[in-house]
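**Q** Next comes the structure file coords_4.txt, holding compact mmCIF, C-alpha atoms and all ligand atoms.
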# COMPACT_ATOMS: atom_id res chain seq x y z
CA MET E 1 -33.84 6.56 -69.98
CA GLU E 2 -33.34 2.93 -69.21
CA GLN E 3 -29.62 3.44 -69.40
CA GLN E 4 -29.83 6.49 -67.17
CA LEU E 5 -31.74 4.40 -64.65
CA GLN E 6 -29.14 1.68 -64.77
CA LEU E 7 -26.35 4.19 -64.14
CA LEU E 8 -28.25 5.72 -61.27
CA LYS E 9 -28.70 2.32 -59.70
CA GLU E 10 -25.05 1.43 -60.00
CA GLU E 11 -23.98 4.77 -58.61
CA ALA E 12 -26.37 4.41 -55.66
CA LEU E 13 -25.23 0.86 -54.90
CA THR E 14 -21.56 1.91 -54.93
CA LYS E 15 -22.27 4.78 -52.55
CA ILE E 16 -24.18 2.41 -50.25
CA GLU E 17 -21.28 -0.01 -50.29
CA ASN E 18 -18.83 2.80 -49.52
CA ALA E 19 -20.80 4.34 -46.66
CA ILE E 20 -18.95 3.51 -43.45
CA SER E 21 -21.26 5.00 -40.85
CA VAL E 22 -24.99 5.07 -40.14
CA LYS E 23 -24.95 8.80 -40.75
CA GLU E 24 -23.25 8.53 -44.11
CA LEU E 25 -25.70 5.83 -45.16
CA ASN E 26 -28.65 7.99 -44.13
CA ASP E 27 -27.28 10.80 -46.28
CA VAL E 28 -27.11 8.38 -49.24
CA ARG E 29 -30.72 7.32 -48.60
CA VAL E 30 -31.97 10.88 -48.53
CA SER E 31 -30.04 11.86 -51.63
CA TYR E 32 -31.41 8.94 -53.74
CA LEU E 33 -34.82 8.15 -52.32
CA GLY E 34 -35.77 11.50 -50.76
CA LYS E 35 -38.39 13.83 -52.16
CA LYS E 36 -35.81 15.75 -54.09
CA GLY E 37 -33.84 12.67 -55.13
CA PRO E 38 -33.30 11.50 -58.76
CA ILE E 39 -35.59 8.47 -58.47
CA THR E 40 -38.51 10.60 -57.33
CA ASP E 41 -37.66 12.99 -60.15
CA LEU E 42 -37.85 10.15 -62.68
CA LEU E 43 -41.20 9.01 -61.35
CA LYS E 44 -42.45 12.59 -61.56
CA GLY E 45 -41.20 12.85 -65.17
CA MET E 46 -43.23 9.80 -66.26
CA GLY E 47 -46.10 12.03 -67.28
CA LYS E 48 -44.06 13.27 -70.20
CA LEU E 49 -43.55 9.76 -71.62
CA PRO E 50 -45.82 8.30 -74.30
CA ALA E 51 -48.67 6.40 -72.63
CA GLU E 52 -47.58 2.95 -73.85
CA GLU E 53 -44.10 3.30 -72.35
CA ARG E 54 -45.28 4.40 -68.93
CA PRO E 55 -46.09 0.95 -67.39
CA LYS E 56 -42.78 -0.51 -68.51
CA MET E 57 -40.77 2.47 -67.26
CA GLY E 58 -42.80 2.63 -64.06
CA ALA E 59 -42.02 -1.00 -63.37
CA LEU E 60 -38.34 -0.42 -64.09
CA VAL E 61 -38.09 2.57 -61.76
CA ASN E 62 -39.80 0.55 -59.06
CA VAL E 63 -37.33 -2.30 -59.50
CA VAL E 64 -34.44 0.12 -59.19
CA ARG E 65 -36.01 1.75 -56.13
CA GLU E 66 -36.59 -1.58 -54.48
CA SER E 67 -33.10 -2.80 -55.13
CA VAL E 68 -31.63 0.45 -53.77
CA THR E 69 -33.93 0.23 -50.72
CA GLU E 70 -32.97 -3.38 -50.09
CA SER E 71 -29.26 -2.83 -50.22
CA LEU E 72 -29.69 0.27 -48.04
CA GLU E 73 -31.49 -1.79 -45.42
CA ALA E 74 -28.96 -4.58 -45.56
CA ARG E 75 -26.09 -2.15 -45.23
CA MET E 76 -27.89 -0.33 -42.40
CA ILE E 77 -28.22 -3.53 -40.35
CA LEU E 78 -24.52 -4.19 -40.82
CA LEU E 79 -23.42 -0.67 -39.91
CA GLU E 80 -25.71 -0.52 -36.86
CA GLU E 81 -24.34 -3.80 -35.63
CA GLN E 82 -20.82 -2.53 -36.16
CA ALA E 83 -21.59 0.66 -34.22
CA ILE E 84 -22.99 -1.34 -31.29
CA ASN E 85 -19.97 -3.61 -31.26
CA GLU E 86 -17.63 -0.64 -31.26
CA GLN E 87 -19.54 0.95 -28.39
CA LEU E 88 -19.43 -2.29 -26.41
CA ALA E 89 -15.72 -2.67 -26.97
CA LYS E 90 -15.17 0.89 -25.78
CA GLU E 91 -17.20 0.38 -22.63
CA ALA E 92 -15.85 -3.02 -21.78
CA ILE E 93 -14.87 -3.48 -18.13
CA ASP E 94 -12.04 -5.79 -17.27
CA VAL E 95 -13.35 -7.44 -14.16
CA THR E 96 -10.03 -9.17 -13.59
CA LEU E 97 -8.17 -5.88 -13.02
CA PRO E 98 -7.06 -5.43 -9.40
CA GLY E 99 -9.10 -2.77 -7.54
CA ARG E 100 -7.69 0.59 -6.53
CA PRO E 101 -6.53 0.32 -2.92
CA VAL E 102 -8.60 2.31 -0.40
CA GLN E 103 -6.43 4.32 1.98
CA THR E 104 -7.19 3.36 5.55
CA GLY E 105 -6.65 5.73 8.45
CA ASN E 106 -4.41 5.22 11.45
CA HIS E 107 -4.90 6.08 15.04
CA HIS E 108 -2.94 9.21 15.85
CA PRO E 109 0.11 8.23 17.95
CA LEU E 110 -1.09 10.47 20.75
CA THR E 111 -4.57 8.91 20.78
CA ARG E 112 -2.88 5.55 20.83
CA VAL E 113 -0.77 6.37 23.90
CA VAL E 114 -3.71 7.98 25.73
CA ASP E 115 -5.91 4.93 24.98
CA GLU E 116 -3.24 2.60 26.26
CA ILE E 117 -2.77 4.56 29.50
CA GLU E 118 -6.55 4.67 29.98
CA ASP E 119 -6.81 0.91 29.40
CA PHE E 120 -4.13 0.26 32.00
CA PHE E 121 -5.80 2.34 34.69
CA ILE E 122 -9.29 1.08 33.85
CA SER E 123 -7.94 -2.45 34.36
CA MET E 124 -6.87 -1.32 37.85
CA GLY E 125 -10.40 -0.15 38.67
CA TYR E 126 -10.05 3.54 37.85
CA GLU E 127 -12.79 5.61 36.24
CA ILE E 128 -12.34 8.31 33.63
CA ALA E 129 -13.24 11.83 34.74
CA GLU E 130 -13.46 15.00 32.71
CA GLY E 131 -13.51 18.70 33.38
CA PRO E 132 -13.81 21.94 31.42
CA GLU E 133 -10.92 23.37 29.43
CA VAL E 134 -12.14 26.89 30.17
CA GLU E 135 -11.68 26.80 33.91
CA LYS E 136 -12.14 28.97 36.94
CA ASP E 137 -9.01 30.34 38.56
CA TYR E 138 -10.40 28.78 41.75
CA TYR E 139 -10.17 25.16 40.50
CA ASN E 140 -7.03 25.65 38.41
CA PHE E 141 -5.08 27.23 41.26
CA GLU E 142 -6.75 28.13 44.53
CA ALA E 143 -8.37 24.78 45.30
CA LEU E 144 -4.98 23.20 44.59
CA ASN E 145 -3.29 25.16 47.32
CA LEU E 146 -2.08 27.91 45.00
CA PRO E 147 -3.71 31.06 46.37
CA LYS E 148 -3.59 34.31 44.40
CA GLY E 149 -0.04 35.68 44.42
CA HIS E 150 1.54 32.27 45.07
CA PRO E 151 4.97 32.24 43.40
CA ALA E 152 4.43 28.75 41.95
CA ARG E 153 1.68 30.16 39.70
CA ASP E 154 4.48 31.64 37.62
CA MET E 155 5.60 28.14 36.67
CA GLN E 156 2.47 27.83 34.55
CA ASP E 157 2.07 30.87 32.31
CA SER E 158 -1.64 31.12 31.68
CA PHE E 159 -4.11 32.33 29.10
CA TYR E 160 -6.57 34.36 31.14
CA ILE E 161 -10.02 35.05 29.71
CA SER E 162 -11.08 37.25 32.60
CA GLU E 163 -9.68 37.83 36.05
CA ASP E 164 -11.30 34.62 37.33
CA VAL E 165 -11.46 32.47 34.21
CA LEU E 166 -8.60 30.94 32.22
CA LEU E 167 -7.73 28.07 29.91
CA ARG E 168 -6.69 25.34 32.34
CA THR E 169 -2.92 25.02 32.62
CA HIS E 170 -3.09 21.41 33.80
CA THR E 171 -5.64 18.64 34.38
CA SER E 172 -5.24 18.93 38.15
CA PRO E 173 -8.41 21.09 38.55
CA VAL E 174 -10.40 17.93 37.73
CA GLN E 175 -9.08 16.56 41.05
CA ALA E 176 -10.66 19.42 42.96
CA ARG E 177 -13.90 19.26 40.97
CA THR E 178 -14.24 15.49 41.42
CA MET E 179 -13.58 15.62 45.15
CA GLU E 180 -16.12 18.41 45.56
CA ALA E 181 -18.71 16.42 43.59
CA LYS E 182 -18.08 13.15 45.46
CA GLY E 183 -18.68 14.79 48.84
CA GLY E 184 -16.33 12.68 50.93
CA GLU E 185 -16.57 9.34 49.07
CA ALA E 186 -13.56 7.29 48.01
CA ILE E 187 -12.18 8.18 44.57
CA LYS E 188 -10.11 6.42 41.91
CA ILE E 189 -9.95 8.40 38.69
CA ILE E 190 -7.78 9.43 35.80
CA CYS E 191 -8.53 12.53 33.75
CA PRO E 192 -7.06 12.86 30.28
CA GLY E 193 -7.47 16.17 28.49
CA LYS E 194 -6.09 19.21 26.76
CA VAL E 195 -4.24 21.92 28.67
CA TYR E 196 -2.91 25.33 27.65
CA ARG E 197 0.15 27.38 28.56
CA ARG E 198 1.48 30.69 27.35
CA ASP E 199 4.67 29.14 25.98
CA SER E 200 6.49 29.81 22.74
CA ASP E 201 6.18 26.72 20.57
CA ASP E 202 9.41 24.86 19.87
CA ALA E 203 10.58 21.26 19.61
CA THR E 204 9.64 20.50 23.23
CA HIS E 205 6.99 23.14 24.04
CA SER E 206 3.49 23.71 22.76
CA HIS E 207 0.88 26.24 23.87
CA GLN E 208 -1.61 23.38 23.86
CA PHE E 209 -0.80 19.86 24.89
CA THR E 210 -2.24 16.83 26.66
CA GLN E 211 -2.07 15.68 30.26
CA ILE E 212 -3.36 12.72 32.20
CA GLU E 213 -4.07 13.28 35.85
CA GLY E 214 -4.59 10.52 38.39
CA LEU E 215 -6.23 10.73 41.81
CA VAL E 216 -6.92 8.12 44.45
CA VAL E 217 -8.55 9.13 47.72
CA GLY E 218 -9.69 6.85 50.53
CA GLU E 219 -8.83 5.44 53.90
CA ASN E 220 -5.24 4.30 54.42
CA ILE E 221 -3.95 5.32 51.00
CA THR E 222 -0.19 5.51 51.39
CA MET E 223 2.93 6.45 49.52
CA SER E 224 3.62 2.75 48.91
CA ASP E 225 0.28 2.47 47.07
CA LEU E 226 1.48 5.29 44.85
CA LYS E 227 4.85 3.66 44.34
CA GLY E 228 3.34 0.24 43.53
CA THR E 229 0.90 1.78 41.05
CA LEU E 230 3.60 3.77 39.28
CA ASP E 231 5.91 0.78 39.16
CA LEU E 232 3.26 -1.35 37.44
CA PHE E 233 2.47 1.51 35.11
CA ALA E 234 6.13 1.96 34.10
CA LYS E 235 6.49 -1.76 33.40
CA LYS E 236 3.30 -1.84 31.35
CA MET E 237 4.25 1.16 29.22
CA PHE E 238 8.00 0.70 28.86
CA GLY E 239 8.71 -3.00 29.46
CA GLU E 240 8.79 -5.54 32.28
CA GLU E 241 12.47 -4.89 33.06
CA ARG E 242 11.86 -1.21 33.90
CA GLU E 243 12.70 0.04 37.36
CA ILE E 244 11.40 3.27 38.78
CA ARG E 245 12.95 5.78 41.15
CA LEU E 246 11.17 8.54 43.02
CA ARG E 247 13.03 11.81 43.52
CA PRO E 248 11.88 14.46 46.02
CA SER E 249 10.23 17.38 44.30
CA PHE E 250 7.73 20.14 44.94
CA PHE E 251 4.13 20.69 43.89
CA PRO E 252 1.85 22.91 45.96
CA PHE E 253 -0.98 20.37 45.82
CA THR E 254 0.99 17.37 47.08
CA GLU E 255 3.08 16.77 50.19
CA PRO E 256 5.42 15.02 49.93
CA SER E 257 5.91 15.47 46.21
CA VAL E 258 8.03 13.33 43.93
CA GLU E 259 9.16 13.03 40.39
CA MET E 260 9.24 9.55 38.89
CA ASP E 261 12.04 8.38 36.63
CA ILE E 262 12.21 5.07 34.81
CA SER E 263 15.39 3.19 34.05
CA CYS E 264 16.32 3.96 30.45
CA PHE E 265 14.56 1.59 28.06
CA LYS E 266 17.14 2.18 25.37
CA CYS E 267 20.43 1.53 27.15
CA GLY E 268 19.04 -0.24 30.23
CA GLY E 269 20.83 2.23 32.50
CA ASP E 270 24.31 2.45 31.01
CA GLY E 271 23.77 5.96 29.65
CA CYS E 272 22.81 6.98 26.12
CA ASN E 273 21.38 9.92 24.19
CA VAL E 274 17.76 9.15 25.23
CA CYS E 275 18.52 9.31 28.98
CA LYS E 276 21.15 12.01 28.47
CA LYS E 277 23.82 9.68 29.86
CA THR E 278 22.09 9.42 33.26
CA GLY E 279 20.48 6.01 32.85
CA TRP E 280 17.13 7.48 34.00
CA ILE E 281 14.26 9.19 32.20
CA GLU E 282 11.84 11.54 33.93
CA ILE E 283 8.24 10.57 33.26
CA LEU E 284 5.83 12.24 35.67
CA GLY E 285 5.12 14.22 38.83
CA ALA E 286 3.21 12.77 41.78
CA GLY E 287 2.73 12.92 45.50
CA MET E 288 0.36 12.55 48.45
CA VAL E 289 -2.60 14.91 48.18
CA HIS E 290 -1.93 17.98 50.34
CA PRO E 291 -4.20 18.18 53.43
CA ASN E 292 -5.23 21.70 52.36
CA VAL E 293 -6.49 20.35 49.02
CA LEU E 294 -8.50 17.62 50.74
CA ARG E 295 -9.92 20.09 53.24
CA MET E 296 -10.93 22.66 50.61
CA ALA E 297 -12.83 19.96 48.71
CA GLY E 298 -14.73 18.90 51.84
CA TYR E 299 -12.64 15.86 52.87
CA ASP E 300 -11.27 15.32 56.36
CA PRO E 301 -7.47 14.86 56.07
CA SER E 302 -7.36 13.09 59.40
CA ALA E 303 -9.75 10.41 58.11
CA VAL E 304 -8.71 9.97 54.47
CA THR E 305 -5.55 10.35 52.45
CA GLY E 306 -4.81 10.24 48.77
CA PHE E 307 -2.20 10.19 46.09
CA ALA E 308 -2.11 12.01 42.79
CA PHE E 309 0.01 12.05 39.66
CA GLY E 310 0.20 13.97 36.43
CA MET E 311 1.88 13.07 33.18
CA GLY E 312 2.25 14.26 29.60
CA PRO E 313 1.29 11.71 26.94
CA GLU E 314 3.23 13.70 24.30
CA ARG E 315 6.43 13.10 26.25
CA ILE E 316 5.65 9.41 26.59
CA ALA E 317 4.83 9.12 22.88
CA MET E 318 8.00 11.03 21.95
CA LEU E 319 10.16 8.73 24.04
CA ARG E 320 8.45 5.61 22.86
CA TYR E 321 8.38 6.35 19.14
CA GLY E 322 11.55 8.47 18.99
CA VAL E 323 9.67 11.61 17.91
CA GLU E 324 12.02 14.58 18.13
CA ASP E 325 9.63 17.49 17.73
CA ILE E 326 6.39 17.83 19.71
CA ARG E 327 4.88 19.90 16.86
CA HIS E 328 4.62 16.76 14.71
CA PHE E 329 1.66 15.73 16.86
CA TYR E 330 -0.37 18.77 15.89
CA THR E 331 0.51 19.55 12.27
CA ASN E 332 -1.30 16.47 10.94
CA ASP E 333 1.23 15.70 8.27
CA ILE E 334 0.04 12.44 6.75
CA ARG E 335 3.68 11.35 6.24
CA PHE E 336 4.14 11.47 10.03
CA ILE E 337 0.84 9.94 11.05
CA SER E 338 0.93 7.10 8.54
CA GLN E 339 4.12 5.76 10.14
CA PHE E 340 2.10 4.46 13.08
CA HIS E 341 0.35 1.33 11.95
CA ARG E 342 -2.60 -0.16 13.74
CA SER E 343 -1.01 -3.60 14.08
CA GLU E 344 1.79 -2.17 16.19
CA ALA E 345 -0.47 -1.00 19.03
N1 LIG A 1 -0.15 19.51 37.47
C1 LIG A 1 1.26 19.27 37.37
C2 LIG A 1 1.81 20.01 36.18
O1 LIG A 1 1.10 20.35 35.31
C3 LIG A 1 1.54 17.81 37.22
C4 LIG A 1 1.28 17.08 38.48
C5 LIG A 1 2.30 16.86 39.38
C6 LIG A 1 0.02 16.59 38.75
C7 LIG A 1 2.06 16.19 40.58
C8 LIG A 1 -0.22 15.93 39.95
C9 LIG A 1 0.83 15.73 40.83
O2 LIG A 1 -1.43 15.45 40.26
O3 LIG A 1 0.59 15.05 41.99
O4 LIG A 1 2.98 20.25 36.11
Please rewrite the model in this file as structure tokens.
**A**
Amino acid sequence: MEQQLQLLKEEALTKIENAISVKELNDVRVSYLGKKGPITDLLKGMGKLPAEERPKMGALVNVVRESVTESLEARMILLEEQAINEQLAKEAIDVTLPGRPVQTGNHHPLTRVVDEIEDFFISMGYEIAEGPEVEKDYYNFEALNLPKGHPARDMQDSFYISEDVLLRTHTSPVQARTMEAKGGEAIKIICPGKVYRRDSDDATHSHQFTQIEGLVVGENITMSDLKGTLDLFAKKMFGEEREIRLRPSFFPFTEPSVEMDISCFKCGGDGCNVCKKTGWIEILGAGMVHPNVLRMAGYDPSAVTGFAFGMGPERIAMLRYGVEDIRHFYTNDIRFISQFHRSEA
């Protein structure tokens, strides 16, 4: 029996030594020291031994049990420590690694151009005015000297919602609304906003686009005020060396009406693909507010005069950034938008 005990001990100690995980070691503990283990069995079998041998054998079994327990505990501490170290190594964070870059947004090129135009006019004392995109036929056309049946209405194919309501085809109705609201006072406003036309979309047309309207009304406002304002504007947007030229044109709400060209900023006037070999680039429409428009809005055309202009920021952005298709502004392709960096503005 003594020999058996010795063998058991050696076997247990080898298994403890060979256990490489906490779980394995626990299994060894249960198999040797558990209720059904061989050491417990031996203790249970003591009753069968002659009385004089029992104390000696009992002491021996206890020694074996203690030595197995001790080496189990020692091994357990080691394996637990190892497990913790492994876990720590796995979860280690390298604080010296560079961070993942956060993608920053850009201002949309159109927003950028609109902001810049607004800033310019605000610096000249203008205020920003707004009007509804779903507009009455009255403000979109009639109050602008375009009565029902006027042929010039055909120039702006419209989305009608009812007979008297439509999506505004230009920002000019804000002129009429502002004049009506101001009841005869002097006015100096620009109105940026979305407009809608029943056009087929292609590289230069969109059913929805942006316009910026300008209106100045007061005593002694003349064509030279308009010209001076537009000249400054052209220089601010397209460079100090720009010259402007005004060509006679027609709009029902202005008389006289003009179209403003700027000298080509690419070739300086020699002729290139941007100015289509003419040396000039058309930028906007303008004119002196028609007496009928003033009168309909409650102003006395013999006491006050005004000038107005209207432009398309998409066109300005296309010219400035060399964008060849107007649809790029609306499709929100990140590869397009991310080309316009904040620092450039
Ligand atoms: N409303 C015109 C258009 O959409 C643009 C325009 C031209 C506005 C001349 C004006 C102006 O205020 O004076 O084509």
**Q** Which residue out of E:Gly149, E:Pro248, E:Gly214, E:Gly279 has the minimum interatomic distance to ligand LIG 1 (chain A) when only C-alpha atoms and all ligand atoms are used?
**A**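 The answer is E:Gly214, which sits nearest to ligand LIG 1 (chain A).
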**Q** In Å, rounded to a single decimal, give me how far atom CA of E:Asp261 is from atom CA of E:Leu284.
**A**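 Interatomic distance here is 7.4 Å.
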**Q** Residues within 8 Å of ligand LIG 1 (chain A) (all atoms listed in the file), as a list in words?
**A**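 Counting only what the definition allows, namely all atoms listed in the file, the set is Gln156, Thr169, His170, Thr171, Ser172, Gln175, Gln211, Glu213, Gly214, Leu215, Phe251, Phe253, Thr254, Ser257, Val258, Glu259, Leu284, Gly285, Ala286, Gly287, Met288, Val289, Phe307, Ala308, Phe309, Gly310 and Met311 of chain E.
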**Q** Taking all atoms listed in the file into account, which of E:Ala19, E:Ile283, E:Lys136, E:Pro50 comes nearest E:Leu78?
**A**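 Smallest separation from E:Leu78 among the options: E:Ala19.
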**Q** E:Leu88, E:Asp154, E:Ala176, E:Gln3: which is nearest E:Glu130, counting all atoms listed in the file?
**A**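 Nearest candidate to E:Glu130 out of E:Leu88, E:Asp154, E:Ala176, E:Gln3: E:Ala176.
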**Q** Using the incomplete input, complete stretch 210-233 of chain E to the level of N, CA and C atoms; output as a compact mmCIF listing (two decimals), in the frame of the given file.
**A**
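This is the output file selection-v1.txt:
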# COMPACT_ATOMS: atom_id res chain seq x y z
N THR E 210 -1.34 17.77 25.99
CA THR E 210 -2.24 16.83 26.66
C THR E 210 -1.66 16.44 28.02
N GLN E 211 -2.54 16.23 28.98
CA GLN E 211 -2.07 15.68 30.26
C GLN E 211 -3.01 14.56 30.69
N ILE E 212 -2.49 13.69 31.54
CA ILE E 212 -3.36 12.72 32.20
C ILE E 212 -3.09 12.83 33.69
N GLU E 213 -4.14 13.10 34.40
CA GLU E 213 -4.07 13.28 35.85
C GLU E 213 -4.57 11.99 36.49
N GLY E 214 -4.04 11.66 37.65
CA GLY E 214 -4.59 10.52 38.39
C GLY E 214 -4.87 10.95 39.82
N LEU E 215 -5.91 10.40 40.41
CA LEU E 215 -6.23 10.73 41.81
C LEU E 215 -6.87 9.53 42.49
N VAL E 216 -6.32 9.17 43.64
CA VAL E 216 -6.92 8.12 44.45
C VAL E 216 -7.09 8.68 45.85
N VAL E 217 -8.29 8.64 46.37
CA VAL E 217 -8.55 9.13 47.72
C VAL E 217 -9.34 8.07 48.48
N GLY E 218 -8.96 7.84 49.72
CA GLY E 218 -9.69 6.85 50.53
C GLY E 218 -8.99 6.67 51.85
N GLU E 219 -9.47 5.70 52.61
CA GLU E 219 -8.83 5.44 53.90
C GLU E 219 -7.52 4.68 53.66
N ASN E 220 -6.53 5.01 54.44
CA ASN E 220 -5.24 4.30 54.42
C ASN E 220 -4.55 4.24 53.06
N ILE E 221 -4.72 5.26 52.26
CA ILE E 221 -3.95 5.32 51.00
C ILE E 221 -2.57 5.87 51.36
N THR E 222 -1.55 5.12 50.97
CA THR E 222 -0.19 5.51 51.39
C THR E 222 0.73 5.73 50.19
N MET E 223 1.90 6.22 50.52
CA MET E 223 2.93 6.45 49.52
C MET E 223 3.32 5.13 48.84
N SER E 224 3.24 4.02 49.57
CA SER E 224 3.62 2.75 48.91
C SER E 224 2.57 2.32 47.89
N ASP E 225 1.29 2.73 48.10
CA ASP E 225 0.28 2.47 47.07
C ASP E 225 0.65 3.23 45.80
N LEU E 226 1.07 4.48 46.00
CA LEU E 226 1.48 5.29 44.85
C LEU E 226 2.65 4.63 44.13
N LYS E 227 3.64 4.23 44.93
CA LYS E 227 4.85 3.66 44.34
C LYS E 227 4.53 2.37 43.57
N GLY E 228 3.70 1.51 44.18
CA GLY E 228 3.34 0.24 43.53
C GLY E 228 2.60 0.49 42.22
N THR E 229 1.68 1.47 42.25
CA THR E 229 0.90 1.78 41.05
C THR E 229 1.82 2.28 39.93
N LEU E 230 2.72 3.20 40.30
CA LEU E 230 3.60 3.77 39.28
C LEU E 230 4.57 2.73 38.73
N ASP E 231 4.98 1.82 39.59
CA ASP E 231 5.91 0.78 39.16
C ASP E 231 5.24 -0.12 38.11
N LEU E 232 4.01 -0.52 38.39
CA LEU E 232 3.26 -1.35 37.44
C LEU E 232 3.06 -0.61 36.12
N PHE E 233 2.72 0.68 36.28
CA PHE E 233 2.47 1.51 35.11
C PHE E 233 3.72 1.59 34.21
